[in-house]
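Report on the following structure.
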Amino acid sequence: MSLEKTDAIIIRLADFSESSRVVTMFTRDLGKVSALAKGAKRLKGPFDAAIDLLSTCRVVFLRKSSGALDILTEAQLIKRFKPEGKSLHAVYGGYYVAELLGGLTEDGDPHPRLFDEAVQTLDRLQSDAPPLLVVMRFELLILREIGQLPEFDACQVCGREAEAIRGIRFWVSQGGLVCSECGRPEYEHTEIAPGTIQLLRRLATADGSIASRLAPSPGQYKELRRVVTSAICHAMERRPKMLRYLK
Ligand SMILES: [Zn+2]
């Protein structure tokens with residue numbers, strides 16, 4: 001057994017007994033961890049209301065050896081996720097961040113940069129930034145962090161640059177672009193305009209304030225959404241539950 005101390009975002013809560021919960025956290029230094037929080041459901045419990053979905057906390061937990069649940073011993077609130085007065089998209093966007101962290105990262109596999117980006121994404125969802133683009137930027141970041149960000153530069157077959165070809169499509173199973181000459185009817189792909197590819201690249205590489213600076217047209221947004229959704233579903237091997245609330 002060892003005592004671990006790190007920062008964490010609470011991404012799932014499950015009842016364990018009348019007074020205890022199993023808390024799944026995405027931690028900065030140890031990746032995803034599930035731990036038993038004894039007494040967490042008591043109003044005056046040992047965690048002083050720090051344990052809440054999407055709260056960022058400084059936690060201490062006891063690592064158990066093989067198979068047994070870790071035990072959460074301390075949770076000190078850093079900040080809560082309370083997008084009060086914001087749109088439902090901001091609220092659902094937060095839940096979606098939790099779902100993505102839960103579904104696309106492995107237990108005990110740390111991604112400190114992704115942790116920091118997730119904290120900033122939750123902050124932005126509580127600001128005036130457009131929530132749907134804030135969420136989309138996070139989707140692209142998490143795909144990059146797990147090595148599944150699609151290639152938006154060139155046709156995956158002939159290698160010609162996206163700018164140099166007409167009739168470019170997004171090829172879901174290969175996670176990249178394919179030109180009309182290399183495309184085959186049996187490939188699962190979706191047409192994508194050059195302007196949309198540019199927007200995807202900018203969203204995937206610029207700093208977090210980009211979400212407030214981009215203004216895709218409704219048609220472009222639809223196309224962006226289609227490409228990012230197919231990349232996320234492919235990486236997750238299912239459709240995330242929260243996605244339908246983010247239209
Ligand atoms: Zn090609």
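Every chain in the structure tokens takes a letter, A first, then B, and so on in the order presented; its residues are numbered from 1, and the ligands are numbered from 1 following the presented order.
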* Set the cut-off to 8 Å, count only C-alpha atoms and all ligand atoms, and list whatever residues fall near ligand 1 as a ChimeraX atom specification. => /A:154-160,178-183
Same residues, C-alpha atoms, saved as a PDB file, in the first residue's frame:
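Contents of result.pdb, as written:
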ATOM      1  CA  ALA A 154      -2.988  15.196 -47.209  1.00  0.00           C
ATOM      2  CA  CYS A 155      -4.715  12.328 -48.986  1.00  0.00           C
ATOM      3  CA  GLN A 156      -3.886   9.163 -47.024  1.00  0.00           C
ATOM      4  CA  VAL A 157      -3.405   7.160 -50.229  1.00  0.00           C
ATOM      5  CA  CYS A 158      -1.575   9.335 -52.781  1.00  0.00           C
ATOM      6  CA  GLY A 159      -0.137  11.848 -50.317  1.00  0.00           C
ATOM      7  CA  ARG A 160      -1.222  14.921 -52.283  1.00  0.00           C
ATOM      8  CA  VAL A 178      -8.808  10.832 -49.095  1.00  0.00           C
ATOM      9  CA  CYS A 179      -9.099  12.510 -52.491  1.00  0.00           C
ATOM     10  CA  SER A 180     -11.826  11.729 -54.997  1.00  0.00           C
ATOM     11  CA  GLU A 181      -9.401   9.807 -57.211  1.00  0.00           C
ATOM     12  CA  CYS A 182      -8.244   7.496 -54.426  1.00  0.00           C
ATOM     13  CA  GLY A 183     -11.675   7.124 -52.793  1.00  0.00           C
TER      14      GLY A 183
END
* Mind checking DSSP for stretch 27-125 of chain A and telling me the strand (DSSP E) residues as number ranges by chain? -> A: 27, 31-37, 56-63, 70-79
* Contact residues around A:Arg202 with only C-alpha atoms at 9 Å, ignoring same-chain residues under 5 positions, as a list of chain:residue names -> A:Ile197, A:Ile210, A:Leu214
For the contact check between stretch 140-188 of chain A and stretch 80-104 of chain A, emit one row per residue of stretch 140-188 of chain A within 10 Å, containing the shortest atom pair and the distance in Å rounded to one decimal, counting only C-alpha atoms, chain then rising number order, as CSV.
residue,atom,partner,partner_atom,distance
A:Ile142,CA,A:Leu104,CA,7.9
A:Leu143,CA,A:Leu104,CA,8.4
A:Glu145,CA,A:Leu104,CA,9.8
A:Ile146,CA,A:Leu104,CA,7.6
* DSSP on the backbone: what in stretch 11-235 of chain A comes out helix (DSSP H, G or I), as JSON, numbers by chain? -> {"A": [88, 89, 90, 91, 92, 93, 94, 95, 96, 97, 98, 99, 100, 101, 102, 103, 104, 112, 113, 114, 115, 116, 117, 118, 119, 120, 121, 122, 123, 124, 125, 131, 132, 133, 134, 135, 136, 137, 138, 139, 140, 141, 142, 143, 144, 145, 162, 163, 164, 194, 195, 196, 197, 198, 199, 200, 201, 202, 203, 204, 205, 210, 211, 212, 213, 218, 219, 220, 221, 222, 223, 224, 225, 226, 227, 228, 229, 230, 231, 232, 233, 234, 235]}
Quick one: residues within 9 Å of A:Gly108, only C-alpha atoms counted, chain neighbours fewer than 4 positions away excluded, as a PDB file with N, CA and C atoms, in the first residue's frame?
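The new file selection33.pdb reads:
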ATOM      1  N   THR A  27      -6.779  11.853 -12.651  1.00  0.00           N
ATOM      2  CA  THR A  27      -5.791  12.561 -11.848  1.00  0.00           C
ATOM      3  C   THR A  27      -4.656  13.065 -12.734  1.00  0.00           C
ATOM      4  N   ASP A  29      -1.373  13.138 -12.060  1.00  0.00           N
ATOM      5  CA  ASP A  29      -0.113  12.387 -12.034  1.00  0.00           C
ATOM      6  C   ASP A  29      -0.273  10.890 -12.207  1.00  0.00           C
ATOM      7  N   LEU A  30      -1.487  10.371 -12.039  1.00  0.00           N
ATOM      8  CA  LEU A  30      -1.649   8.910 -12.067  1.00  0.00           C
ATOM      9  C   LEU A  30      -2.725   8.461 -13.040  1.00  0.00           C
ATOM     10  N   GLY A  31      -3.236   9.380 -13.833  1.00  0.00           N
ATOM     11  CA  GLY A  31      -4.276   8.989 -14.790  1.00  0.00           C
ATOM     12  C   GLY A  31      -5.589   8.651 -14.088  1.00  0.00           C
ATOM     13  N   LYS A  32      -6.369   7.785 -14.718  1.00  0.00           N
ATOM     14  CA  LYS A  32      -7.701   7.469 -14.189  1.00  0.00           C
ATOM     15  C   LYS A  32      -7.568   6.525 -12.988  1.00  0.00           C
ATOM     16  N   VAL A  33      -8.293   6.863 -11.936  1.00  0.00           N
ATOM     17  CA  VAL A  33      -8.231   6.071 -10.705  1.00  0.00           C
ATOM     18  C   VAL A  33      -9.651   5.984 -10.139  1.00  0.00           C
TER      19      VAL A  33
END
* Structure fact -> Atom pair atom CA of A:Lys222 + atom CA of A:Leu199, distance 12.2 Å
* **Surrounding residues of A:Pro216 excluding itself and chain neighbours under 2 positions, 12 Å, only C-alpha atoms, as a PyMOL selection string** => chain A and resi 130+132-133+195-200+202-203+210-214+218-225
